[in-house]
>>> print(open('target-v9.cif').read())   # mmCIF, C-alpha atoms and all ligand atoms
data_final
loop_
_atom_site.label_atom_id
_atom_site.label_comp_id
_atom_site.auth_asym_id
_atom_site.auth_seq_id
_atom_site.Cartn_x
_atom_site.Cartn_y
_atom_site.Cartn_z
CA MET A 3 -58.90 28.76 99.49
CA ALA A 4 -55.32 27.85 100.48
CA GLY A 5 -54.51 26.58 104.02
CA ARG A 6 -52.86 29.44 105.96
CA TYR A 7 -50.02 29.43 108.48
CA ASP A 8 -47.71 32.05 109.92
CA VAL A 9 -44.69 29.91 108.98
CA ILE A 10 -44.16 27.12 106.46
CA VAL A 11 -40.93 25.15 106.81
CA LEU A 12 -39.90 23.03 103.82
CA GLY A 13 -37.94 19.97 105.02
CA ALA A 14 -38.41 17.96 108.22
CA GLY A 15 -34.69 17.40 108.79
CA ALA A 16 -32.56 18.59 111.70
CA ALA A 17 -32.69 22.30 110.80
CA GLY A 18 -36.35 22.39 109.74
CA MET A 19 -37.63 20.67 112.88
CA MET A 20 -35.57 22.90 115.16
CA CYS A 21 -36.85 26.00 113.40
CA ALA A 22 -40.46 24.80 113.62
CA ILE A 23 -40.12 24.09 117.36
CA ARG A 24 -38.82 27.57 118.14
CA ALA A 25 -41.38 29.34 115.92
CA GLY A 26 -44.21 27.23 117.41
CA GLN A 27 -43.03 27.99 120.96
CA ARG A 28 -43.32 31.69 120.07
CA GLY A 29 -46.98 31.16 119.30
CA ARG A 30 -46.64 31.11 115.52
CA SER A 31 -48.80 28.66 113.57
CA VAL A 32 -46.32 26.40 111.78
CA ALA A 33 -46.46 23.69 109.11
CA VAL A 34 -43.47 21.51 108.22
CA LEU A 35 -43.69 19.81 104.82
CA ASP A 36 -41.56 16.90 103.64
CA HIS A 37 -41.84 14.40 100.80
CA ALA A 38 -40.37 11.64 102.95
CA VAL A 39 -42.43 9.12 104.89
CA ALA A 40 -40.62 9.91 108.17
CA PRO A 41 -38.95 13.01 109.60
CA GLY A 42 -35.20 13.23 110.26
CA GLU A 43 -34.06 10.31 108.13
CA LYS A 44 -30.46 11.54 108.15
CA ILE A 45 -30.55 11.85 111.92
CA ARG A 46 -31.68 8.20 112.07
CA ILE A 47 -28.65 6.90 110.12
CA SER A 48 -26.14 9.37 111.56
CA GLY A 49 -23.23 8.44 113.77
CA GLY A 50 -23.62 4.75 112.96
CA GLY A 51 -27.20 4.86 114.32
CA ARG A 52 -26.22 6.69 117.53
CA CYS A 53 -26.22 10.26 116.13
CA ASN A 54 -23.20 12.41 116.88
CA PHE A 55 -25.65 15.17 117.73
CA THR A 56 -23.20 17.95 118.61
CA ASN A 57 -19.61 18.76 119.44
CA ILE A 58 -18.93 20.56 122.69
CA HIS A 59 -16.04 22.44 121.08
CA ALA A 60 -18.07 23.67 118.06
CA GLY A 61 -17.05 27.17 116.99
CA PRO A 62 -16.71 29.09 113.72
CA LYS A 63 -13.21 27.64 113.14
CA ASN A 64 -14.78 24.20 112.54
CA PHE A 65 -16.74 25.33 109.49
CA LEU A 66 -15.96 26.00 105.83
CA SER A 67 -17.70 28.93 104.13
CA ALA A 68 -16.83 31.67 101.66
CA ASN A 69 -17.45 33.97 104.66
CA PRO A 70 -15.83 32.29 107.70
CA HIS A 71 -17.44 34.87 110.04
CA PHE A 72 -21.03 34.23 108.96
CA ALA A 73 -21.73 31.28 111.29
CA LYS A 74 -20.55 33.13 114.44
CA SER A 75 -23.86 34.76 115.24
CA ALA A 76 -26.12 31.68 115.07
CA LEU A 77 -23.52 29.42 116.71
CA GLY A 78 -23.15 31.93 119.53
CA ARG A 79 -26.89 32.21 120.10
CA PHE A 80 -27.68 28.51 120.16
CA THR A 81 -24.71 26.60 121.53
CA PRO A 82 -23.91 22.89 122.01
CA LYS A 83 -24.83 23.39 125.70
CA ASP A 84 -28.29 24.64 124.69
CA PHE A 85 -28.87 21.52 122.59
CA LEU A 86 -27.49 19.31 125.35
CA ALA A 87 -29.94 20.89 127.82
CA MET A 88 -32.77 19.85 125.49
CA VAL A 89 -31.36 16.30 125.22
CA GLU A 90 -31.05 16.02 129.00
CA GLY A 91 -34.51 17.54 129.48
CA HIS A 92 -35.84 14.55 127.55
CA GLY A 93 -33.87 12.10 129.67
CA ILE A 94 -31.77 10.92 126.70
CA ALA A 95 -28.59 9.18 127.83
CA TRP A 96 -25.44 10.35 126.03
CA HIS A 97 -21.68 10.03 126.13
CA GLU A 98 -18.62 11.84 124.82
CA LYS A 99 -16.64 9.68 122.41
CA THR A 100 -13.50 11.55 121.34
CA LEU A 101 -12.63 15.15 120.46
CA GLY A 102 -15.80 16.56 122.08
CA GLN A 103 -18.16 14.40 119.98
CA LEU A 104 -21.43 13.68 121.82
CA PHE A 105 -23.45 10.56 120.90
CA CYS A 106 -26.66 8.95 122.14
CA ASP A 107 -26.05 5.94 124.38
CA ASN A 108 -28.96 4.06 122.79
CA SER A 109 -30.22 5.25 119.43
CA ALA A 110 -30.42 8.22 117.08
CA LYS A 111 -34.17 7.62 117.16
CA ASP A 112 -34.14 9.19 120.66
CA ILE A 113 -33.19 12.52 119.03
CA ILE A 114 -35.94 12.21 116.39
CA ARG A 115 -38.48 11.38 119.11
CA MET A 116 -37.34 14.40 121.12
CA LEU A 117 -37.77 16.72 118.13
CA THR A 118 -41.19 15.33 117.13
CA ASP A 119 -42.38 15.52 120.77
CA GLU A 120 -41.20 19.14 120.95
CA MET A 121 -42.96 19.93 117.67
CA ARG A 122 -46.17 18.39 119.00
CA SER A 123 -45.93 20.44 122.24
CA ALA A 124 -45.36 23.58 120.16
CA GLY A 125 -48.46 22.83 118.06
CA VAL A 126 -46.52 22.29 114.81
CA ASP A 127 -48.39 20.63 111.94
CA LEU A 128 -46.02 18.01 110.46
CA ARG A 129 -47.10 17.02 106.94
CA LEU A 130 -45.15 14.08 105.53
CA ARG A 131 -45.44 12.40 102.09
CA THR A 132 -46.11 15.88 100.69
CA GLU A 133 -44.66 16.76 97.30
CA ILE A 134 -43.75 20.42 96.96
CA GLY A 135 -44.53 22.25 93.72
CA ALA A 136 -44.26 25.89 92.70
CA ILE A 137 -43.50 28.65 95.20
CA GLU A 138 -44.90 32.12 94.51
CA PRO A 139 -44.77 35.36 96.44
CA VAL A 140 -48.28 36.58 97.33
CA ALA A 141 -49.30 40.17 96.61
CA GLY A 142 -49.17 42.12 99.87
CA GLY A 143 -46.58 39.79 101.45
CA GLY A 144 -46.09 36.11 102.18
CA TYR A 145 -45.74 33.01 100.03
CA ARG A 146 -47.96 30.42 98.39
CA VAL A 147 -46.63 26.87 98.12
CA ALA A 148 -48.29 24.39 95.77
CA THR A 149 -48.24 20.87 97.24
CA SER A 150 -49.62 17.44 96.40
CA GLU A 151 -52.14 18.09 99.23
CA GLY A 152 -53.26 21.48 97.92
CA ALA A 153 -51.91 25.01 98.16
CA LEU A 154 -50.68 26.49 101.45
CA GLU A 155 -49.85 30.10 102.32
CA ALA A 156 -47.68 31.67 105.00
CA THR A 157 -46.12 34.98 105.95
CA SER A 158 -42.70 33.33 106.39
CA LEU A 159 -41.22 30.57 104.27
CA VAL A 160 -38.19 28.67 105.57
CA ILE A 161 -36.20 26.51 103.15
CA ALA A 162 -34.62 23.60 105.05
CA THR A 163 -34.44 20.89 102.39
CA GLY A 164 -30.73 20.13 102.89
CA GLY A 165 -28.07 19.53 100.24
CA LYS A 166 -27.38 16.99 97.50
CA SER A 167 -25.69 14.29 99.56
CA ILE A 168 -27.15 10.78 99.45
CA PRO A 169 -29.88 11.17 96.79
CA LYS A 170 -31.12 7.68 97.77
CA MET A 171 -32.31 9.24 101.04
CA GLY A 172 -34.40 11.96 99.39
CA ALA A 173 -31.78 14.69 98.84
CA THR A 174 -32.88 16.76 95.86
CA GLY A 175 -30.97 20.04 95.66
CA PHE A 176 -34.40 21.69 95.85
CA ALA A 177 -33.15 24.61 97.99
CA TYR A 178 -30.72 25.71 95.27
CA ARG A 179 -33.53 25.85 92.72
CA VAL A 180 -35.59 28.05 95.08
CA ALA A 181 -32.56 30.31 95.54
CA GLU A 182 -32.19 30.57 91.76
CA GLN A 183 -35.89 31.33 91.36
CA PHE A 184 -35.48 34.32 93.70
CA GLY A 185 -32.27 35.45 91.96
CA LEU A 186 -30.01 34.64 94.92
CA PRO A 187 -26.29 33.87 94.44
CA LEU A 188 -25.01 30.32 94.96
CA ILE A 189 -21.53 29.14 95.86
CA GLU A 190 -20.60 26.15 93.70
CA THR A 191 -21.64 22.91 95.40
CA ARG A 192 -19.43 19.82 95.78
CA PRO A 193 -19.41 16.68 97.92
CA GLY A 194 -17.76 16.98 101.35
CA LEU A 195 -16.78 14.50 104.07
CA VAL A 196 -16.37 11.88 101.36
CA PRO A 197 -13.89 9.03 100.64
CA LEU A 198 -11.25 9.82 98.00
CA THR A 199 -10.57 7.56 95.02
CA LEU A 200 -7.23 6.67 93.40
CA ASP A 201 -6.20 6.02 89.82
CA PRO A 202 -6.23 2.34 88.74
CA GLN A 203 -2.42 2.00 88.79
CA LEU A 204 -2.00 3.19 92.37
CA LEU A 205 -5.12 1.32 93.40
CA GLN A 206 -3.62 -1.91 92.08
CA ARG A 207 -0.45 -1.38 94.14
CA LEU A 208 -2.50 -0.62 97.24
CA ALA A 209 -5.01 -3.45 96.70
CA PRO A 210 -3.43 -5.75 99.33
CA LEU A 211 -3.92 -2.99 101.92
CA ALA A 212 -7.73 -2.77 101.63
CA GLY A 213 -9.32 -2.99 105.06
CA ILE A 214 -6.25 -1.76 106.98
CA ALA A 215 -6.70 1.22 109.32
CA ALA A 216 -3.94 3.24 110.99
CA PRO A 217 -3.61 6.54 112.85
CA ALA A 218 -2.51 9.23 110.40
CA GLU A 219 -2.08 12.91 109.78
CA ILE A 220 -3.44 13.97 106.39
CA ARG A 221 -2.34 17.36 105.14
CA HIS A 222 -3.64 19.62 102.38
CA GLY A 223 -1.73 22.90 102.24
CA LYS A 224 -1.91 24.43 105.71
CA THR A 225 -4.81 22.22 106.83
CA ALA A 226 -4.13 18.92 108.59
CA PHE A 227 -6.24 16.38 110.49
CA ARG A 228 -5.01 13.64 112.81
CA GLU A 229 -7.47 10.77 112.91
CA ALA A 230 -7.74 7.25 111.48
CA LEU A 231 -6.92 6.47 107.84
CA LEU A 232 -8.59 3.51 106.12
CA PHE A 233 -7.45 1.81 102.90
CA THR A 234 -10.44 0.66 100.83
CA HIS A 235 -11.02 -1.16 97.52
CA ARG A 236 -11.71 2.20 95.86
CA GLY A 237 -9.10 4.39 97.52
CA LEU A 238 -8.70 6.10 100.90
CA SER A 239 -11.29 6.68 103.60
CA GLY A 240 -11.56 6.96 107.40
CA PRO A 241 -12.19 10.11 109.43
CA ALA A 242 -8.86 11.77 108.52
CA ILE A 243 -9.61 11.44 104.79
CA LEU A 244 -13.25 12.53 105.14
CA GLN A 245 -12.07 15.66 106.98
CA ILE A 246 -9.45 16.60 104.39
CA SER A 247 -11.82 15.81 101.48
CA SER A 248 -13.76 19.00 102.26
CA TYR A 249 -10.60 21.04 101.58
CA TRP A 250 -9.32 18.96 98.64
CA ARG A 251 -9.97 20.01 95.01
CA GLU A 252 -9.60 17.97 91.81
CA GLY A 253 -5.92 17.79 90.84
CA ASP A 254 -4.60 18.63 94.34
CA GLU A 255 -2.11 16.50 96.22
CA ILE A 256 -2.44 15.48 99.87
CA THR A 257 0.36 14.31 102.16
CA VAL A 258 -0.13 11.25 104.32
CA ALA A 259 1.85 10.64 107.52
CA ILE A 260 1.12 7.27 109.10
CA GLU A 261 1.62 6.96 112.88
CA PRO A 262 2.43 10.68 113.12
CA ASP A 263 3.17 10.50 116.87
CA ILE A 264 6.07 8.12 116.32
CA ASP A 265 9.51 9.19 115.04
CA ILE A 266 9.95 6.28 112.66
CA PHE A 267 13.57 7.06 111.75
CA ILE A 268 14.66 7.04 115.42
CA THR A 269 12.61 3.89 116.07
CA LEU A 270 14.25 2.10 113.13
CA LYS A 271 17.72 3.24 114.26
CA THR A 272 17.07 1.91 117.74
CA ALA A 273 15.84 -1.39 116.29
CA ARG A 274 19.01 -1.64 114.17
CA GLN A 275 21.14 -1.17 117.28
CA ALA A 276 19.17 -3.72 119.29
CA ASN A 277 19.03 -6.37 116.57
CA GLY A 278 20.99 -5.78 113.40
CA ARG A 279 20.02 -9.13 111.93
CA GLN A 280 16.33 -8.39 111.56
CA SER A 281 14.98 -6.91 108.32
CA ALA A 282 13.70 -3.34 108.06
CA GLN A 283 10.27 -4.77 107.25
CA THR A 284 10.24 -6.72 110.52
CA ALA A 285 11.30 -3.65 112.47
CA LEU A 286 8.66 -1.53 110.74
CA ALA A 287 6.02 -4.17 111.51
CA GLU A 288 6.57 -3.36 115.21
CA ILE A 289 4.99 0.04 114.46
CA LEU A 290 2.65 -0.57 111.50
CA PRO A 291 0.25 -3.36 110.56
CA LYS A 292 2.27 -6.15 108.89
CA ARG A 293 0.91 -5.66 105.35
CA LEU A 294 1.53 -1.93 105.55
CA ALA A 295 5.11 -2.51 106.74
CA GLN A 296 5.64 -4.92 103.84
CA HIS A 297 4.19 -2.42 101.34
CA PHE A 298 6.51 0.40 102.39
CA ALA A 299 9.63 -1.75 102.88
CA GLU A 300 9.19 -3.35 99.44
CA GLY A 301 8.31 -0.01 97.88
CA GLU A 302 11.66 1.38 99.09
CA GLY A 303 13.51 -1.76 97.97
CA MET A 304 14.67 -2.53 101.52
CA SER A 305 16.25 -6.00 101.51
CA GLY A 306 18.79 -7.64 103.76
CA ASN A 307 19.65 -7.04 107.39
CA MET A 308 19.06 -3.81 109.26
CA ALA A 309 22.80 -3.76 110.05
CA ASP A 310 23.45 -3.17 106.33
CA GLN A 311 21.12 -0.18 106.09
CA PRO A 312 22.81 3.22 106.45
CA ASP A 313 20.93 6.09 108.15
CA ARG A 314 20.11 7.53 104.75
CA ARG A 315 18.10 4.43 103.77
CA LEU A 316 16.25 4.39 107.10
CA GLN A 317 15.42 8.06 106.59
CA GLN A 318 14.07 7.25 103.11
CA LEU A 319 11.86 4.52 104.55
CA ALA A 320 10.60 6.83 107.31
CA ALA A 321 9.80 9.51 104.71
CA ALA A 322 7.89 6.99 102.59
CA VAL A 323 5.66 6.27 105.60
CA GLN A 324 5.34 9.78 106.96
CA ALA A 325 5.68 12.14 103.99
CA TRP A 326 3.76 10.16 101.40
CA PRO A 327 2.40 12.40 98.62
CA VAL A 328 -0.88 11.10 97.18
CA LYS A 329 -2.84 12.58 94.30
CA PRO A 330 -6.42 11.34 94.56
CA SER A 331 -8.18 10.91 91.22
CA GLY A 332 -11.56 12.00 92.57
CA SER A 333 -14.08 11.42 95.33
CA GLU A 334 -16.91 8.95 95.75
CA GLY A 335 -19.31 11.85 95.13
CA TYR A 336 -22.74 12.64 96.52
CA ARG A 337 -23.59 8.93 96.67
CA THR A 338 -21.65 8.60 99.94
CA ALA A 339 -20.74 12.21 100.89
CA GLU A 340 -21.98 13.15 104.37
CA VAL A 341 -22.47 16.78 103.39
CA THR A 342 -22.66 19.23 100.50
CA LEU A 343 -20.15 22.07 100.47
CA GLY A 344 -21.18 25.43 99.03
CA GLY A 345 -24.82 26.36 98.55
CA VAL A 346 -26.82 29.52 99.18
CA ASP A 347 -24.30 32.36 99.39
CA THR A 348 -24.24 33.74 102.95
CA ALA A 349 -23.71 37.23 101.48
CA CYS A 350 -27.45 37.39 100.77
CA LEU A 351 -28.52 36.24 104.28
CA ASP A 352 -28.77 38.09 107.60
CA SER A 353 -26.50 36.08 109.93
CA ARG A 354 -28.70 36.82 113.00
CA THR A 355 -31.91 35.46 111.46
CA MET A 356 -31.01 33.53 108.27
CA GLN A 357 -33.53 35.71 106.42
CA VAL A 358 -32.73 36.82 102.88
CA LYS A 359 -31.62 40.43 103.29
CA THR A 360 -33.58 41.69 100.31
CA ILE A 361 -36.67 39.43 100.51
CA PRO A 362 -38.74 39.73 103.70
CA GLY A 363 -40.10 36.43 105.04
CA LEU A 364 -37.81 34.11 103.05
CA PHE A 365 -35.25 32.11 105.07
CA PHE A 366 -32.61 29.44 104.27
CA ILE A 367 -31.19 27.20 107.03
CA GLY A 368 -29.08 24.09 107.55
CA GLU A 369 -27.01 22.29 104.96
CA CYS A 370 -28.36 24.17 101.91
CA VAL A 371 -26.49 27.28 103.11
CA ASP A 372 -22.78 27.73 102.34
CA VAL A 373 -21.69 26.72 105.85
CA THR A 374 -20.24 23.21 106.19
CA GLY A 375 -18.83 21.67 109.35
CA TRP A 376 -16.04 19.22 109.97
CA LEU A 377 -16.82 15.62 110.79
CA GLY A 378 -17.71 15.20 114.47
CA GLY A 379 -21.16 16.63 115.29
CA TYR A 380 -20.49 20.07 113.84
CA ASN A 381 -23.00 19.79 110.98
CA PHE A 382 -25.88 18.98 113.29
CA GLN A 383 -24.85 21.88 115.55
CA TRP A 384 -25.10 24.17 112.51
CA ALA A 385 -28.53 22.73 111.68
CA TRP A 386 -29.77 23.29 115.28
CA ALA A 387 -28.26 26.78 115.55
CA SER A 388 -29.37 28.11 112.15
CA GLY A 389 -32.80 26.51 112.67
CA HIS A 390 -33.17 28.04 116.11
CA VAL A 391 -32.31 31.60 115.08
CA ALA A 392 -34.64 31.41 112.06
CA GLY A 393 -37.39 30.10 114.36
CA GLU A 394 -36.89 33.17 116.57
CA ALA A 395 -37.47 35.48 113.60
CA ALA A 396 -39.86 33.70 111.20
P1 LIG B 401 -31.53 17.22 106.02
O1 LIG B 401 -30.97 16.59 104.81
O2 LIG B 401 -31.32 16.57 107.32
O3 LIG B 401 -33.11 17.41 105.85
C1 LIG B 401 -33.69 17.84 104.66
C2 LIG B 401 -35.12 17.34 104.59
O4 LIG B 401 -35.74 17.91 103.45
C3 LIG B 401 -35.22 15.84 104.45
O5 LIG B 401 -36.14 15.35 105.40
C4 LIG B 401 -35.71 15.63 103.01
O6 LIG B 401 -36.59 14.52 102.88
C5 LIG B 401 -36.46 16.93 102.74
N1 LIG B 401 -36.50 17.30 101.33
C6 LIG B 401 -35.46 17.44 100.48
N2 LIG B 401 -35.90 17.80 99.26
C7 LIG B 401 -37.24 17.90 99.35
C8 LIG B 401 -38.25 18.23 98.41
N3 LIG B 401 -37.96 18.54 97.13
N4 LIG B 401 -39.53 18.21 98.83
C9 LIG B 401 -39.83 17.88 100.11
N5 LIG B 401 -38.93 17.58 101.04
C10 LIG B 401 -37.63 17.58 100.66
N6 LIG B 401 -23.73 15.32 111.02
C11 LIG B 401 -23.39 15.39 112.32
O7 LIG B 401 -23.27 16.48 112.86
N7 LIG B 401 -23.19 14.24 113.04
C12 LIG B 401 -23.31 12.99 112.50
O8 LIG B 401 -23.20 11.96 113.19
C13 LIG B 401 -23.63 12.91 111.10
N8 LIG B 401 -23.69 11.70 110.48
C14 LIG B 401 -24.07 11.64 109.16
C15 LIG B 401 -24.14 10.38 108.54
C16 LIG B 401 -24.53 10.30 107.21
C17 LIG B 401 -24.56 8.96 106.53
C18 LIG B 401 -24.87 11.49 106.50
C19 LIG B 401 -25.34 11.42 105.07
C20 LIG B 401 -24.78 12.72 107.11
C21 LIG B 401 -24.36 12.82 108.44
N9 LIG B 401 -24.25 14.06 109.08
C22 LIG B 401 -23.88 14.11 110.41
C23 LIG B 401 -24.60 15.33 108.39
C24 LIG B 401 -26.03 15.73 108.78
O9 LIG B 401 -26.89 14.62 108.58
C25 LIG B 401 -26.51 16.93 107.95
O10 LIG B 401 -25.58 17.96 108.05
C26 LIG B 401 -27.87 17.41 108.45
O11 LIG B 401 -28.80 16.35 108.37
C27 LIG B 401 -28.37 18.61 107.66
O12 LIG B 401 -29.61 18.97 108.17
P2 LIG B 401 -30.69 19.70 107.25
O13 LIG B 401 -31.92 19.79 108.10
O14 LIG B 401 -30.13 20.93 106.67
O15 LIG B 401 -30.95 18.70 106.03
#
>>> encode(input="target-v9.cif", output="structure tokens", more="lines below")
Ligand code: FDA
Amino acid sequence: MAGRYDVIVLGAGAAGMMCAIRAGQRGRSVAVLDHAVAPGEKIRISGGGRCNFTNIHAGPKNFLSANPHFAKSALGRFTPKDFLAMVEGHGIAWHEKTLGQLFCDNSAKDIIRMLTDEMRSAGVDLRLRTEIGAIEPVAGGGYRVATSEGALEATSLVIATGGKSIPKMGATGFAYRVAEQFGLPLIETRPGLVPLTLDPQLLQRLAPLAGIAAPAEIRHGKTAFREALLFTHRGLSGPAILQISSYWREGDEITVAIEPDIDIFITLKTARQANGRQSAQTALAEILPKRLAQHFAEGEGMSGNMADQPDRRLQQLAAAVQAWPVKPSGSEGYRTAEVTLGGVDTACLDSRTMQVKTIPGLFFIGECVDVTGWLGGYNFQWAWASGHVAGEAA
């Protein structure tokens, strides 16, 4: 005889735990199954150990999806303020960093403790170290899940096993296989919020810059992000690059503008007027880190005094720094990607409940769904919101 629950949630990550809490609070008997030894491992390592748990400005515009309207319903019904109320209710100290990003003052473990405490209060049965096997619909409704601890049955089955990012942390792509089993459409998956790599030739030229960070605007078509850019031994990283990586496709070019708030041409002209005997590299080093100034000045063949440089040459140098076309060769892939783009096609899900439109009792939530947020607390907000609305319905 299989163990029976009203709701089985597969995956004790951000979305799965939130769903279990809400379903348990509604009086449903709930089991959460996970193969990991601890719940919320990605929460634990997130935000440099302080978990950027939401973004107060989170709205549909901050998400990528084949259907940009899909996330509206869940995001509107469980907002950043709702999550913050939970955080404050547990006495967790927090602060806003930049751009509406909220972090724990102490540790991401505070968020995991909050969620496990809430699950306990809601009577949720958390089963860790549990391998999940075959899933079968049961005649007359519901689902049977084979596990390493025996078979379990439930009326509602919620898939919350995340995406493919960071396989070392237990990411398996399991949700996509379940979707395929039930004949559901998938949007092609690819790594998002990931550093971009460069071809060996360019990398060799940029090698001396590894470790340098600078404010930048990175553009891909009509999309642009202004945050920090970091040169690495493999290519380009930093928040601005991670953000644009979710929009970038193999073969595309991005445009880099370093110090986008400064008019570099005007600044160089002023420097030439003030001291014509200095070099362009020295003048540029007043704005950029020294090695970066050297890279661009040498790259443009700027030698001699500023007094000898006509406007045209200063304009060329400014363009090199602020309209720099870069063609990344690839990305660092799922090994370091913070999220997986694509996933279960939202066309087959009810946006108010996350239930599969054509299959009663089957739900998909969190990262495995084709809704992916920007960097900055948006992905957790999607996990909380989609988990909450599924927990209301499962
Ligand atoms: P999540 O991946 O959290 O959970 C899935 C669960 O399912 C895991 O517990 C896993 O063990 C389990 N599982 C998977 N396959 C299974 C199987 N076959 N059998 C059993 N169990 C299985 N976002 C944000 O908003 N702010 C931030 O600060 C960060 N920081 C950050 C840092 C790093 C390094 C990464 C990799 C990611 C982030 N993110 C983030 C993104 C965020 O972590 C991510 O969007 C959410 O964790 C997604 O939540 P889910 O619950 O959907 O999946």
>>> closest_residue(input="target-v9.cif", among="A:Asp36, A:Glu340, A:Asp119, A:Glu90", to="A:Ser248", atoms="only C-alpha atoms")
A:Glu340
>>> closest_residue(input="target-v9.cif", among="A:Ala110, A:Ala76, A:Leu294, A:Ala273", to="ligand LIG 401 (chain B)", atoms="all atoms listed in the file")
A:Ala110
>>> closest_residue(input="target-v9.cif", among="A:Ile361, A:Ile161, A:Ala396, A:Ala385", to="A:Pro82", atoms="all atoms listed in the file")
A:Ala385
>>> residues_around(input="target-v9.cif", residues="A:His390", least_positions_apart="5", cutoff="10 Å", atoms="all atoms listed in the file", output="PDB file with C-alpha atoms, in the frame of the given file")
ATOM      1  CA  ALA A  17     -32.690  22.300 110.800  1.00  0.00           C
ATOM      2  CA  GLY A  18     -36.350  22.390 109.740  1.00  0.00           C
ATOM      3  CA  MET A  19     -37.630  20.670 112.880  1.00  0.00           C
ATOM      4  CA  MET A  20     -35.570  22.900 115.160  1.00  0.00           C
ATOM      5  CA  CYS A  21     -36.850  26.000 113.400  1.00  0.00           C
ATOM      6  CA  ALA A  22     -40.460  24.800 113.620  1.00  0.00           C
ATOM      7  CA  ILE A  23     -40.120  24.090 117.360  1.00  0.00           C
ATOM      8  CA  ARG A  24     -38.820  27.570 118.140  1.00  0.00           C
ATOM      9  CA  ALA A  25     -41.380  29.340 115.920  1.00  0.00           C
ATOM     10  CA  ALA A  76     -26.120  31.680 115.070  1.00  0.00           C
ATOM     11  CA  LEU A  77     -23.520  29.420 116.710  1.00  0.00           C
ATOM     12  CA  ARG A  79     -26.890  32.210 120.100  1.00  0.00           C
ATOM     13  CA  PHE A  80     -27.680  28.510 120.160  1.00  0.00           C
ATOM     14  CA  THR A 355     -31.910  35.460 111.460  1.00  0.00           C
ATOM     15  CA  MET A 356     -31.010  33.530 108.270  1.00  0.00           C
ATOM     16  CA  ILE A 367     -31.190  27.200 107.030  1.00  0.00           C
ATOM     17  CA  TRP A 384     -25.100  24.170 112.510  1.00  0.00           C
ATOM     18  CA  ALA A 385     -28.530  22.730 111.680  1.00  0.00           C
ATOM     19  CA  ALA A 395     -37.470  35.480 113.600  1.00  0.00           C
TER      20      ALA A 395
END
>>> axis_aligned_box(input="target-v9.cif", around="stretch 81-98 of chain A", padding_each_side="6 Å", output="lines of an AutoDock Vina configuration file")
center_x = -27.2
center_y = 17.9
center_z = 125.6
size_x = 29.2
size_y = 29.4
size_z = 20.1
>>> residues_near_point(input="target-v9.cif", point="(-10.3, 19.8, 95.6)", cutoff="10 Å", atoms="only C-alpha atoms", output="tab-separated table (two decimals) with C-alpha atoms, in the coordinates of the input")
chain	number	residue	atom	x	y	z
A	192	ARG	CA	-19.43	19.82	95.78
A	193	PRO	CA	-19.41	16.68	97.92
A	194	GLY	CA	-17.76	16.98	101.35
A	222	HIS	CA	-3.64	19.62	102.38
A	246	ILE	CA	-9.45	16.60	104.39
A	247	SER	CA	-11.82	15.81	101.48
A	248	SER	CA	-13.76	19.00	102.26
A	249	TYR	CA	-10.60	21.04	101.58
A	250	TRP	CA	-9.32	18.96	98.64
A	251	ARG	CA	-9.97	20.01	95.01
A	252	GLU	CA	-9.60	17.97	91.81
A	253	GLY	CA	-5.92	17.79	90.84
A	254	ASP	CA	-4.60	18.63	94.34
A	255	GLU	CA	-2.11	16.50	96.22
A	256	ILE	CA	-2.44	15.48	99.87
A	330	PRO	CA	-6.42	11.34	94.56
A	332	GLY	CA	-11.56	12.00	92.57
A	333	SER	CA	-14.08	11.42	95.33
>>> residues_near_point(input="target-v9.cif", point="(-5.4, 7.8, 113.0)", cutoff="9 Å", atoms="all atoms listed in the file", output="PyMOL selection string")
chain A and resi 215-219+227-232+240-242+260-262
>>> residues_around(input="target-v9.cif", residues="A:Val126", least_positions_apart="2", cutoff="6 Å", atoms="only C-alpha atoms", output="PyMOL selection string")
chain A and resi 32-33+121-122+124
>>> closest_residue(input="target-v9.cif", among="A:Gly142, A:His71, A:Lys359, A:Arg207", to="A:Glu300", atoms="all atoms listed in the file")
A:Arg207
>>> residues_around(input="target-v9.cif", residues="A:His297", least_positions_apart="3", cutoff="10 Å", atoms="only C-alpha atoms", output="PyMOL selection string")
chain A and resi 207-208+210-211+283+292-294+300-303+323
>>> closest_residue(input="target-v9.cif", among="A:Ser123, A:Thr81, A:Thr257, A:Ile137", to="A:Phe184", atoms="all atoms listed in the file")
A:Ile137
>>> atom_distance(input="target-v9.cif", atom1="atom CA of A:Leu286", atom2="atom CA of A:Ala325")
15.5 Å
>>> residues_around(input="target-v9.cif", residues="A:Asn108", least_positions_apart="3", cutoff="12 Å", atoms="only C-alpha atoms", output="ChimeraX atom specification")
/A:46,49-54,93-97,105,111-113
>>> atom_distance(input="target-v9.cif", atom1="atom CA of A:Gly78", atom2="atom CA of A:Lys63")
12.6 Å
>>> closest_residue(input="target-v9.cif", among="A:Ile289, A:Arg179, A:Thr284, A:Leu86", to="A:Ile266", atoms="only C-alpha atoms")
A:Ile289
>>> atom_distance(input="target-v9.cif", atom1="atom CA of A:Val391", atom2="atom CA of A:Phe365")
10.4 Å
>>> residues_around(input="target-v9.cif", residues="A:Gln275", least_positions_apart="4", cutoff="12 Å", atoms="only C-alpha atoms", output="tab-separated table (two decimals) with C-alpha atoms, in the coordinates of the input")
chain	number	residue	atom	x	y	z
A	268	ILE	CA	14.66	7.04	115.42
A	269	THR	CA	12.61	3.89	116.07
A	270	LEU	CA	14.25	2.10	113.13
A	271	LYS	CA	17.72	3.24	114.26
A	279	ARG	CA	20.02	-9.13	111.93
A	280	GLN	CA	16.33	-8.39	111.56
A	285	ALA	CA	11.30	-3.65	112.47
A	307	ASN	CA	19.65	-7.04	107.39
A	308	MET	CA	19.06	-3.81	109.26
A	309	ALA	CA	22.80	-3.76	110.05
A	310	ASP	CA	23.45	-3.17	106.33
A	311	GLN	CA	21.12	-0.18	106.09
A	312	PRO	CA	22.81	3.22	106.45
A	313	ASP	CA	20.93	6.09	108.15
